[in-house]
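One file, final_4.tsv, carrying TSV, C-alpha atoms:
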chain	number	residue	atom	x	y	z
U	1	MET	CA	0.00	0.00	0.00
U	2	ILE	CA	1.34	3.45	-0.92
U	3	ARG	CA	1.42	5.90	2.00
U	4	ASP	CA	0.47	9.55	1.47
U	5	ASN	CA	4.01	10.79	1.98
U	6	ASP	CA	5.25	8.27	-0.60
U	7	ALA	CA	2.66	9.49	-3.12
U	8	VAL	CA	3.63	13.11	-2.59
U	9	SER	CA	7.29	12.20	-2.92
U	10	MET	CA	6.61	10.44	-6.21
U	11	ARG	CA	4.67	13.45	-7.55
U	12	ASP	CA	7.57	15.72	-6.65
U	13	LEU	CA	9.99	13.31	-8.32
U	14	LEU	CA	7.97	13.20	-11.52
U	15	ARG	CA	7.48	16.96	-11.56
U	16	GLY	CA	11.22	17.46	-11.37
U	17	LEU	CA	12.06	15.34	-14.41
U	18	PRO	CA	13.06	17.35	-17.51
U	19	VAL	CA	10.82	17.22	-20.57
U	20	PHE	CA	12.00	18.10	-24.09
U	21	ALA	CA	15.24	19.51	-22.72
U	22	GLN	CA	17.27	18.43	-25.75
U	23	PRO	CA	17.37	20.26	-29.12
U	24	LEU	CA	14.39	19.25	-31.23
U	25	PRO	CA	14.12	19.03	-35.03
U	26	ALA	CA	12.03	21.46	-37.04
U	27	PHE	CA	8.80	20.46	-38.72
U	28	ASP	CA	6.99	22.57	-41.32
U	29	PRO	CA	3.54	21.03	-41.86
U	30	ASP	CA	2.95	23.30	-44.85
U	31	ALA	CA	5.79	21.55	-46.66
U	32	ALA	CA	4.64	18.03	-45.73
U	33	ALA	CA	4.14	15.42	-48.45
U	34	PRO	CA	0.54	14.91	-49.63
U	35	ASP	CA	0.69	11.19	-48.73
U	36	PRO	CA	1.36	10.28	-45.07
U	37	ALA	CA	3.35	7.20	-46.13
U	38	ASP	CA	5.98	9.48	-47.64
U	39	LEU	CA	6.22	11.64	-44.52
U	40	LEU	CA	6.34	8.58	-42.27
U	41	ALA	CA	9.17	7.11	-44.35
U	42	ALA	CA	11.03	10.42	-44.23
U	43	TRP	CA	10.68	10.67	-40.45
U	44	LEU	CA	11.85	7.08	-40.07
U	45	ARG	CA	14.96	7.76	-42.12
U	46	GLU	CA	15.64	10.93	-40.13
U	47	ALA	CA	15.27	8.98	-36.89
U	48	VAL	CA	17.75	6.35	-38.09
U	49	ALA	CA	20.21	9.05	-39.18
U	50	ALA	CA	19.83	10.83	-35.82
U	51	GLY	CA	20.66	7.67	-33.89
U	52	VAL	CA	17.23	7.19	-32.35
U	53	SER	CA	17.16	3.92	-30.41
U	54	GLU	CA	15.07	1.28	-32.17
U	55	PRO	CA	12.98	3.71	-34.26
U	56	HIS	CA	11.12	0.77	-35.82
U	57	ALA	CA	9.67	-0.23	-32.45
U	58	MET	CA	5.99	0.70	-32.17
U	59	THR	CA	3.06	0.14	-29.85
U	60	LEU	CA	0.15	-1.88	-31.22
U	61	ALA	CA	-3.30	-1.36	-29.69
U	62	THR	CA	-6.08	-3.89	-30.25
U	63	ALA	CA	-9.35	-4.79	-28.52
U	64	GLY	CA	-11.11	-8.09	-28.06
U	65	PRO	CA	-14.79	-8.97	-27.70
U	66	ASP	CA	-14.86	-7.49	-24.18
U	67	GLY	CA	-13.99	-4.08	-25.63
U	68	LEU	CA	-10.98	-3.62	-23.35
U	69	PRO	CA	-7.95	-2.21	-25.16
U	70	ASP	CA	-4.65	-4.06	-25.12
U	71	LEU	CA	-1.13	-2.78	-25.79
U	72	ARG	CA	2.25	-4.27	-26.66
U	73	VAL	CA	5.43	-3.13	-28.40
U	74	LEU	CA	6.55	-4.84	-31.59
U	75	ILE	CA	8.60	-4.10	-34.70
U	76	LEU	CA	7.55	-2.44	-37.95
U	77	LYS	CA	8.31	-4.92	-40.71
U	78	ASP	CA	7.65	-2.79	-43.77
U	79	LEU	CA	5.93	0.35	-45.00
U	80	ASP	CA	4.49	1.14	-48.42
U	81	ALA	CA	1.58	2.95	-50.06
U	82	GLU	CA	-0.79	0.23	-48.80
U	83	GLY	CA	0.10	0.70	-45.15
U	84	LEU	CA	2.21	-0.65	-42.29
U	85	TYR	CA	3.19	-4.27	-41.75
U	86	PHE	CA	3.81	-6.19	-38.53
U	87	ALA	CA	4.04	-9.88	-37.68
U	88	THR	CA	2.71	-12.15	-34.96
U	89	GLU	CA	1.09	-15.53	-34.53
U	90	SER	CA	-2.54	-15.66	-35.60
U	91	ILE	CA	-3.27	-17.70	-32.45
U	92	SER	CA	-1.57	-15.23	-30.10
U	93	ALA	CA	-3.60	-12.83	-27.95
U	94	LYS	CA	-3.28	-10.00	-30.47
U	95	GLY	CA	-3.95	-12.35	-33.38
U	96	ALA	CA	-7.12	-13.59	-31.69
U	97	GLN	CA	-8.22	-10.03	-30.95
U	98	LEU	CA	-7.66	-9.01	-34.57
U	99	GLY	CA	-9.66	-12.03	-35.65
U	100	VAL	CA	-12.65	-10.72	-33.69
U	101	ASN	CA	-12.12	-7.00	-34.24
U	102	PRO	CA	-9.82	-6.32	-37.23
U	103	GLN	CA	-9.14	-2.71	-36.27
U	104	ALA	CA	-6.00	-1.41	-34.61
U	105	ALA	CA	-3.85	1.58	-33.77
U	106	LEU	CA	-0.08	1.94	-33.96
U	107	GLY	CA	2.06	4.46	-32.13
U	108	PHE	CA	5.70	5.48	-32.53
U	109	TYR	CA	7.52	7.62	-29.96
U	110	TRP	CA	11.03	8.90	-30.53
U	111	ARG	CA	12.13	10.57	-27.31
U	112	GLU	CA	15.39	11.85	-28.77
U	113	GLN	CA	13.48	13.93	-31.33
U	114	GLY	CA	10.28	14.65	-29.42
U	115	ARG	CA	8.24	13.01	-32.15
U	116	GLN	CA	5.17	10.81	-32.15
U	117	ILE	CA	3.24	9.17	-34.98
U	118	ARG	CA	-0.25	7.75	-34.44
U	119	VAL	CA	-1.90	5.48	-37.01
U	120	ARG	CA	-5.41	4.00	-36.99
U	121	GLY	CA	-7.19	1.72	-39.42
U	122	PRO	CA	-8.42	-1.74	-40.38
U	123	VAL	CA	-6.06	-4.71	-40.34
U	124	GLN	CA	-5.88	-7.74	-42.64
U	125	PRO	CA	-3.43	-10.61	-43.23
U	126	ALA	CA	-0.91	-9.67	-45.90
U	127	GLY	CA	-0.98	-13.17	-47.45
U	128	PRO	CA	0.79	-16.52	-46.99
U	129	GLU	CA	3.70	-15.69	-49.29
U	130	VAL	CA	4.49	-12.49	-47.41
U	131	SER	CA	4.24	-14.30	-44.08
U	132	ALA	CA	6.51	-17.15	-45.23
U	133	GLN	CA	9.09	-14.73	-46.59
U	134	ASP	CA	9.11	-12.80	-43.31
U	135	PHE	CA	9.42	-15.96	-41.24
U	136	LEU	CA	12.38	-17.32	-43.23
U	137	ALA	CA	14.17	-13.96	-42.93
U	138	ARG	CA	13.99	-14.00	-39.13
U	139	PRO	CA	16.95	-15.04	-36.93
U	140	ILE	CA	17.03	-18.67	-35.86
U	141	GLY	CA	16.05	-17.80	-32.29
U	142	SER	CA	12.98	-15.92	-33.45
U	143	ARG	CA	11.93	-18.73	-35.78
U	144	THR	CA	12.43	-21.28	-33.01
U	145	ALA	CA	10.20	-19.35	-30.60
U	146	SER	CA	7.53	-18.81	-33.27
U	147	LEU	CA	7.48	-22.49	-34.10
U	148	LEU	CA	6.34	-23.26	-30.55
U	149	GLY	CA	3.03	-21.54	-31.25
U	150	ARG	CA	2.25	-20.89	-27.57
U	151	GLN	CA	2.66	-17.13	-27.29
U	152	SER	CA	0.67	-15.58	-24.41
U	153	THR	CA	-0.50	-18.94	-23.04
U	154	VAL	CA	0.27	-19.91	-19.44
U	155	LEU	CA	3.73	-21.39	-18.81
U	156	HIS	CA	3.34	-23.81	-15.90
U	157	ASP	CA	6.95	-25.00	-15.76
U	158	PRO	CA	9.98	-23.07	-17.12
U	159	ALA	CA	11.53	-26.43	-18.02
U	160	ASP	CA	8.78	-26.85	-20.60
U	161	LEU	CA	10.07	-23.76	-22.40
U	162	ALA	CA	13.59	-25.11	-22.66
U	163	ASP	CA	12.32	-28.48	-23.87
U	164	GLY	CA	9.98	-26.88	-26.40
U	165	LEU	CA	12.68	-24.61	-27.80
U	166	ALA	CA	15.09	-27.52	-28.15
U	167	ALA	CA	12.49	-29.54	-30.04
U	168	ALA	CA	11.60	-26.60	-32.29
U	169	GLN	CA	15.26	-25.92	-33.06
U	170	ALA	CA	15.77	-29.57	-33.98
U	171	ARG	CA	12.84	-29.31	-36.42
U	172	LEU	CA	14.35	-26.22	-38.04
U	173	GLU	CA	17.77	-27.81	-38.33
U	174	ALA	CA	16.18	-30.81	-40.04
U	175	ASP	CA	14.11	-28.57	-42.35
U	176	PRO	CA	15.58	-25.04	-42.77
U	177	GLU	CA	12.69	-24.03	-45.05
U	178	LEU	CA	10.06	-24.90	-42.46
U	179	VAL	CA	7.56	-22.09	-41.83
U	180	ALA	CA	5.47	-21.87	-38.66
U	181	GLU	CA	1.84	-22.54	-39.50
U	182	HIS	CA	0.43	-19.60	-37.57
U	183	HIS	CA	3.09	-16.99	-38.35
U	184	THR	CA	1.22	-14.11	-39.98
U	185	VAL	CA	2.21	-10.74	-41.36
U	186	TYR	CA	-0.60	-8.23	-40.94
U	187	LEU	CA	-1.22	-5.06	-42.91
U	188	LEU	CA	-2.75	-2.02	-41.22
U	189	LYS	CA	-4.33	0.22	-43.84
U	190	PRO	CA	-4.37	3.73	-42.37
U	191	MET	CA	-7.55	5.74	-42.17
U	192	SER	CA	-5.86	8.45	-40.13
U	193	VAL	CA	-2.22	9.30	-39.42
U	194	GLU	CA	-1.08	12.01	-37.03
U	195	PHE	CA	2.43	13.47	-36.88
U	196	TRP	CA	3.32	15.19	-33.62
U	197	GLN	CA	6.42	17.35	-33.17
U	198	ALA	CA	7.15	18.46	-29.62
U	199	ASP	CA	8.05	22.01	-28.63
U	200	ALA	CA	9.72	22.86	-25.33
U	201	GLN	CA	7.19	25.67	-24.77
U	202	ARG	CA	4.32	23.22	-25.40
U	203	ARG	CA	3.51	24.79	-28.78
U	204	HIS	CA	3.51	21.32	-30.26
U	205	ILE	CA	2.94	20.94	-33.99
U	206	ARG	CA	0.29	18.38	-34.90
U	207	LEU	CA	-0.60	17.42	-38.44
U	208	ARG	CA	-3.32	14.85	-39.09
U	209	TYR	CA	-4.03	13.06	-42.36
U	210	ARG	CA	-7.53	11.65	-42.84
U	211	ARG	CA	-8.45	9.34	-45.69
U	212	THR	CA	-11.46	10.48	-47.71
U	213	ALA	CA	-13.17	9.24	-50.87
U	214	ASP	CA	-11.00	11.69	-52.83
U	215	GLY	CA	-7.69	10.87	-51.15
U	216	TRP	CA	-5.92	12.31	-48.13
U	217	ARG	CA	-7.01	15.44	-46.32
U	218	THR	CA	-4.63	17.24	-43.94
U	219	GLU	CA	-5.59	19.17	-40.82
U	220	ARG	CA	-3.63	21.11	-38.22
U	221	LEU	CA	-4.64	20.27	-34.65
U	222	TRP	CA	-4.41	22.30	-31.49
U	223	PRO	CA	-1.53	21.22	-29.23
Write out the structure in this file as structure tokens.
Amino acid sequence: MIRDNDAVSMRDLLRGLPVFAQPLPAFDPDAAAPDPADLLAAWLREAVAAGVSEPHAMTLATAGPDGLPDLRVLILKDLDAEGLYFATESISAKGAQLGVNPQAALGFYWREQGRQIRVRGPVQPAGPEVSAQDFLARPIGSRTASLLGRQSTVLHDPADLADGLAAAQARLEADPELVAEHHTVYLLKPMSVEFWQADAQRRHIRLRYRRTADGWRTERLWP
């Protein structure tokens, strides 16, 4: 149980932490590309060039039949005019949630640049060929874990994990072209994309793209 003096101490601690103390990049929304995929790709390349730690890491939000949202961090696999790609097992918690409610949101946050990107839209499997290609390109450890097919289920004995991984690795060594049955690459097709550039004085710049019947519409948002 947290005592009152501990709660006050934590508030004081959090209040004292610096926010946006480092130099931040400029962002001119009037010069932004008409397609959000182009701006997202440009920001990704800038993040890589600036040394941002794991800029391809993003938060995926889904919801199941109970309506409760769920969050986890995973890796962006690809980006093109169709949308953003990520991979998981179709029988995992997020795969099951997407099976019931094929809508999701993705969020990037690059602390070093004070930048966020928020993406929302429907999700669909990218296809078996795309999923197989992604699986075979993964490191051996990742393929071994995926082959277990037990993500998010209860682990009753840690020894079972070691035994399962050993068996899965033996299967891969015997058949290097083996693809996990449930490994799936998903495509999120954006309906809205927001680019958020922080400002130390809280005059944050927010540019939102919304898909319409005629293409993309851009809107500036209040900070």
> Restricting the calculation to all atoms listed in the file, which member of U:Glu82, U:Leu187, U:Trp110, U:Leu98 is positioned closest to His56 of chain U?
Replying inline: U:Trp110
> Can you tell me, as JSON, numbers by chain, what residues are no more than 9 Å from segment 33-35 of chain U when counting all atoms listed in the file, ignoring any on the same chain fewer than 2 positions away?
Replying inline: {"U": [29, 30, 31, 37, 38, 39, 40, 81, 209, 215, 216, 217, 218]}
>> Can you pull out the residues contacting Ala21 of chain U? Cut-off 10 Å, using only C-alpha atoms, and skip same-chain residues under 2 positions away; I want them as a PyMOL selection string.
In response: chain U and resi 17-19+23-24+112+114+199-200
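Excluding segment 65-73 of chain U itself and same-chain residues fewer than 4 positions from it, the residues having an atom within 8 Å of it are Ala57, Met58, Thr59, Leu60, Ala61, Gln97, Val100 and Asn101 of chain U, counting all atoms listed in the file.
Compared by their closest atoms to Phe27 of chain U, and using all atoms listed in the file, the residues U:Ala42, U:Leu172, U:Leu13, U:Ala93 rank with U:Ala42 nearest.
The shell of residues at most 9 Å from Leu165 of chain U, with all atoms listed in the file counted and near chain neighbours (fewer than 5 positions) removed, consists of U:Gly141, U:Thr144, U:Ala145, U:Leu147, U:Leu148, U:Asp160, U:Ala170.
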Atoms to include: C-alpha atoms. Write the selected residues as a JSON list (two decimals), in the coordinates of the input.
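Here's the written file result_34.json:
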[["chain", "number", "residue", "atom", "x", "y", "z"],
["U", 141, "GLY", "CA", 16.05, -17.80, -32.29],
["U", 144, "THR", "CA", 12.43, -21.28, -33.01],
["U", 145, "ALA", "CA", 10.20, -19.35, -30.60],
["U", 147, "LEU", "CA", 7.48, -22.49, -34.10],
["U", 148, "LEU", "CA", 6.34, -23.26, -30.55],
["U", 160, "ASP", "CA", 8.78, -26.85, -20.60],
["U", 170, "ALA", "CA", 15.77, -29.57, -33.98]]
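Distance annotation: of U:His156, U:Arg220, U:Lys94, U:His182, the residue with the minimal separation from Ala63 of chain U is U:Lys94; atom set is all atoms listed in the file.
The residue that comes closest to Arg120 of chain U, out of U:Ala174, U:Ala159, U:Met191, U:Leu74 and on the basis of all atoms listed in the file, is U:Met191.
For the atom pair formed by atom CA of Glu181 of chain U and atom CA of Gln151 of chain U, the distance is 13.4 Å, given to one decimal.
Of the residues listed (U:Ala168, U:Val185, U:Leu44, U:Leu14), U:Leu44 shows the shortest atom-to-atom separation from Tyr109 of chain U; distances use only C-alpha atoms.
In this model, the gap between atom CA of Gly127 of chain U and atom CA of Ser90 of chain U comes to 12.2 Å.
If you measure from each of U:Thr212, U:Gln113, U:Ser9, U:Ser152 to Glu89 of chain U using only C-alpha atoms, the closest one turns out to be U:Ser152.
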> Which protein, DNA or RNA residues have an atom at most 7 Å from (1.4, -0.3, -36.7), counting all atoms listed in the file? List them as a PyMOL selection string.
Replying inline: chain U and resi 58+60+76+84-86+105-107+119+188
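The interatomic distance for the pair atom CA of His204 of chain U and atom CA of Arg45 of chain U works out to 21.3 Å.
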Taking every listed atom of segment 95-98 of chain U and adding 4 Å to each side, what centre and edge lengths in Å (one decimal) does the axis-aligned box have, as JSON?
{"center_x": -6.1, "center_y": -11.3, "center_z": -32.8, "size_x": 12.3, "size_y": 12.6, "size_z": 11.6}
Can you sort out segment 34-45 of chain U so it carries all heavy atoms, written as a PDB file, keeping the file's coordinate frame?
ATOM      1  N   PRO U  34       1.997  15.110 -49.589  1.00  0.00           N
ATOM      2  CA  PRO U  34       0.540  14.910 -49.630  1.00  0.00           C
ATOM      3  C   PRO U  34       0.101  13.523 -49.166  1.00  0.00           C
ATOM      4  O   PRO U  34      -1.054  13.336 -48.801  1.00  0.00           O
ATOM      5  CB  PRO U  34       0.188  15.132 -51.100  1.00  0.00           C
ATOM      6  CG  PRO U  34       1.462  14.898 -51.850  1.00  0.00           C
ATOM      7  CD  PRO U  34       2.552  15.346 -50.941  1.00  0.00           C
ATOM      8  N   ASP U  35       1.010  12.551 -49.172  1.00  0.00           N
ATOM      9  CA  ASP U  35       0.690  11.190 -48.730  1.00  0.00           C
ATOM     10  C   ASP U  35       1.411  10.928 -47.409  1.00  0.00           C
ATOM     11  O   ASP U  35       2.634  11.094 -47.325  1.00  0.00           O
ATOM     12  CB  ASP U  35       1.131  10.174 -49.777  1.00  0.00           C
ATOM     13  CG  ASP U  35       0.587   8.778 -49.511  1.00  0.00           C
ATOM     14  OD1 ASP U  35       0.662   8.325 -48.345  1.00  0.00           O
ATOM     15  OD2 ASP U  35       0.111   8.130 -50.449  1.00  0.00           O
ATOM     16  N   PRO U  36       0.699  10.499 -46.362  1.00  0.00           N
ATOM     17  CA  PRO U  36       1.360  10.280 -45.070  1.00  0.00           C
ATOM     18  C   PRO U  36       2.429   9.204 -45.107  1.00  0.00           C
ATOM     19  O   PRO U  36       3.351   9.225 -44.291  1.00  0.00           O
ATOM     20  CB  PRO U  36       0.203   9.892 -44.144  1.00  0.00           C
ATOM     21  CG  PRO U  36      -0.852   9.359 -45.056  1.00  0.00           C
ATOM     22  CD  PRO U  36      -0.736  10.180 -46.301  1.00  0.00           C
ATOM     23  N   ALA U  37       2.324   8.238 -46.034  1.00  0.00           N
ATOM     24  CA  ALA U  37       3.350   7.200 -46.130  1.00  0.00           C
ATOM     25  C   ALA U  37       4.708   7.802 -46.457  1.00  0.00           C
ATOM     26  O   ALA U  37       5.739   7.345 -45.950  1.00  0.00           O
ATOM     27  CB  ALA U  37       2.960   6.160 -47.178  1.00  0.00           C
ATOM     28  N   ASP U  38       4.715   8.844 -47.281  1.00  0.00           N
ATOM     29  CA  ASP U  38       5.980   9.480 -47.640  1.00  0.00           C
ATOM     30  C   ASP U  38       6.579  10.237 -46.455  1.00  0.00           C
ATOM     31  O   ASP U  38       7.795  10.199 -46.234  1.00  0.00           O
ATOM     32  CB  ASP U  38       5.766  10.446 -48.820  1.00  0.00           C
ATOM     33  CG  ASP U  38       5.364   9.724 -50.094  1.00  0.00           C
ATOM     34  OD1 ASP U  38       5.791   8.572 -50.287  1.00  0.00           O
ATOM     35  OD2 ASP U  38       4.619  10.318 -50.898  1.00  0.00           O
ATOM     36  N   LEU U  39       5.718  10.920 -45.693  1.00  0.00           N
ATOM     37  CA  LEU U  39       6.220  11.640 -44.520  1.00  0.00           C
ATOM     38  C   LEU U  39       6.679  10.668 -43.448  1.00  0.00           C
ATOM     39  O   LEU U  39       7.713  10.881 -42.802  1.00  0.00           O
ATOM     40  CB  LEU U  39       5.137  12.571 -43.971  1.00  0.00           C
ATOM     41  CG  LEU U  39       5.534  13.424 -42.762  1.00  0.00           C
ATOM     42  CD1 LEU U  39       6.793  14.238 -43.046  1.00  0.00           C
ATOM     43  CD2 LEU U  39       4.377  14.334 -42.355  1.00  0.00           C
ATOM     44  N   LEU U  40       5.944   9.566 -43.270  1.00  0.00           N
ATOM     45  CA  LEU U  40       6.340   8.580 -42.270  1.00  0.00           C
ATOM     46  C   LEU U  40       7.698   7.976 -42.635  1.00  0.00           C
ATOM     47  O   LEU U  40       8.575   7.829 -41.775  1.00  0.00           O
ATOM     48  CB  LEU U  40       5.274   7.481 -42.177  1.00  0.00           C
ATOM     49  CG  LEU U  40       5.196   6.672 -40.884  1.00  0.00           C
ATOM     50  CD1 LEU U  40       3.870   5.925 -40.804  1.00  0.00           C
ATOM     51  CD2 LEU U  40       6.334   5.698 -40.726  1.00  0.00           C
ATOM     52  N   ALA U  41       7.884   7.649 -43.907  1.00  0.00           N
ATOM     53  CA  ALA U  41       9.170   7.110 -44.350  1.00  0.00           C
ATOM     54  C   ALA U  41      10.287   8.116 -44.139  1.00  0.00           C
ATOM     55  O   ALA U  41      11.402   7.753 -43.722  1.00  0.00           O
ATOM     56  CB  ALA U  41       9.084   6.696 -45.820  1.00  0.00           C
ATOM     57  N   ALA U  42      10.015   9.388 -44.414  1.00  0.00           N
ATOM     58  CA  ALA U  42      11.030  10.420 -44.230  1.00  0.00           C
ATOM     59  C   ALA U  42      11.397  10.574 -42.762  1.00  0.00           C
ATOM     60  O   ALA U  42      12.582  10.683 -42.404  1.00  0.00           O
ATOM     61  CB  ALA U  42      10.523  11.752 -44.789  1.00  0.00           C
ATOM     62  N   TRP U  43      10.392  10.559 -41.884  1.00  0.00           N
ATOM     63  CA  TRP U  43      10.680  10.670 -40.450  1.00  0.00           C
ATOM     64  C   TRP U  43      11.439   9.451 -39.946  1.00  0.00           C
ATOM     65  O   TRP U  43      12.332   9.576 -39.093  1.00  0.00           O
ATOM     66  CB  TRP U  43       9.367  10.844 -39.686  1.00  0.00           C
ATOM     67  CG  TRP U  43       8.923  12.269 -39.573  1.00  0.00           C
ATOM     68  CD1 TRP U  43       9.172  13.273 -40.464  1.00  0.00           C
ATOM     69  CD2 TRP U  43       8.155  12.862 -38.516  1.00  0.00           C
ATOM     70  NE1 TRP U  43       8.603  14.447 -40.042  1.00  0.00           N
ATOM     71  CE2 TRP U  43       7.974  14.219 -38.851  1.00  0.00           C
ATOM     72  CE3 TRP U  43       7.595  12.363 -37.359  1.00  0.00           C
ATOM     73  CZ2 TRP U  43       7.257  15.099 -38.027  1.00  0.00           C
ATOM     74  CZ3 TRP U  43       6.876  13.233 -36.532  1.00  0.00           C
ATOM     75  CH2 TRP U  43       6.713  14.586 -36.862  1.00  0.00           C
ATOM     76  N   LEU U  44      11.112   8.284 -40.457  1.00  0.00           N
ATOM     77  CA  LEU U  44      11.850   7.080 -40.070  1.00  0.00           C
ATOM     78  C   LEU U  44      13.316   7.191 -40.459  1.00  0.00           C
ATOM     79  O   LEU U  44      14.213   6.856 -39.672  1.00  0.00           O
ATOM     80  CB  LEU U  44      11.223   5.849 -40.700  1.00  0.00           C
ATOM     81  CG  LEU U  44      10.112   5.154 -39.915  1.00  0.00           C
ATOM     82  CD1 LEU U  44       9.394   4.137 -40.800  1.00  0.00           C
ATOM     83  CD2 LEU U  44      10.671   4.473 -38.673  1.00  0.00           C
ATOM     84  N   ARG U  45      13.567   7.622 -41.673  1.00  0.00           N
ATOM     85  CA  ARG U  45      14.960   7.760 -42.120  1.00  0.00           C
ATOM     86  C   ARG U  45      15.697   8.817 -41.307  1.00  0.00           C
ATOM     87  O   ARG U  45      16.876   8.643 -40.978  1.00  0.00           O
ATOM     88  CB  ARG U  45      14.990   8.114 -43.616  1.00  0.00           C
ATOM     89  CG  ARG U  45      14.456   6.990 -44.512  1.00  0.00           C
ATOM     90  CD  ARG U  45      14.567   7.335 -45.986  1.00  0.00           C
ATOM     91  NE  ARG U  45      13.953   6.314 -46.817  1.00  0.00           N
ATOM     92  CZ  ARG U  45      14.532   5.175 -47.172  1.00  0.00           C
ATOM     93  NH1 ARG U  45      15.763   4.921 -46.740  1.00  0.00           N
ATOM     94  NH2 ARG U  45      13.908   4.292 -47.931  1.00  0.00           N
TER      95      ARG U  45
END
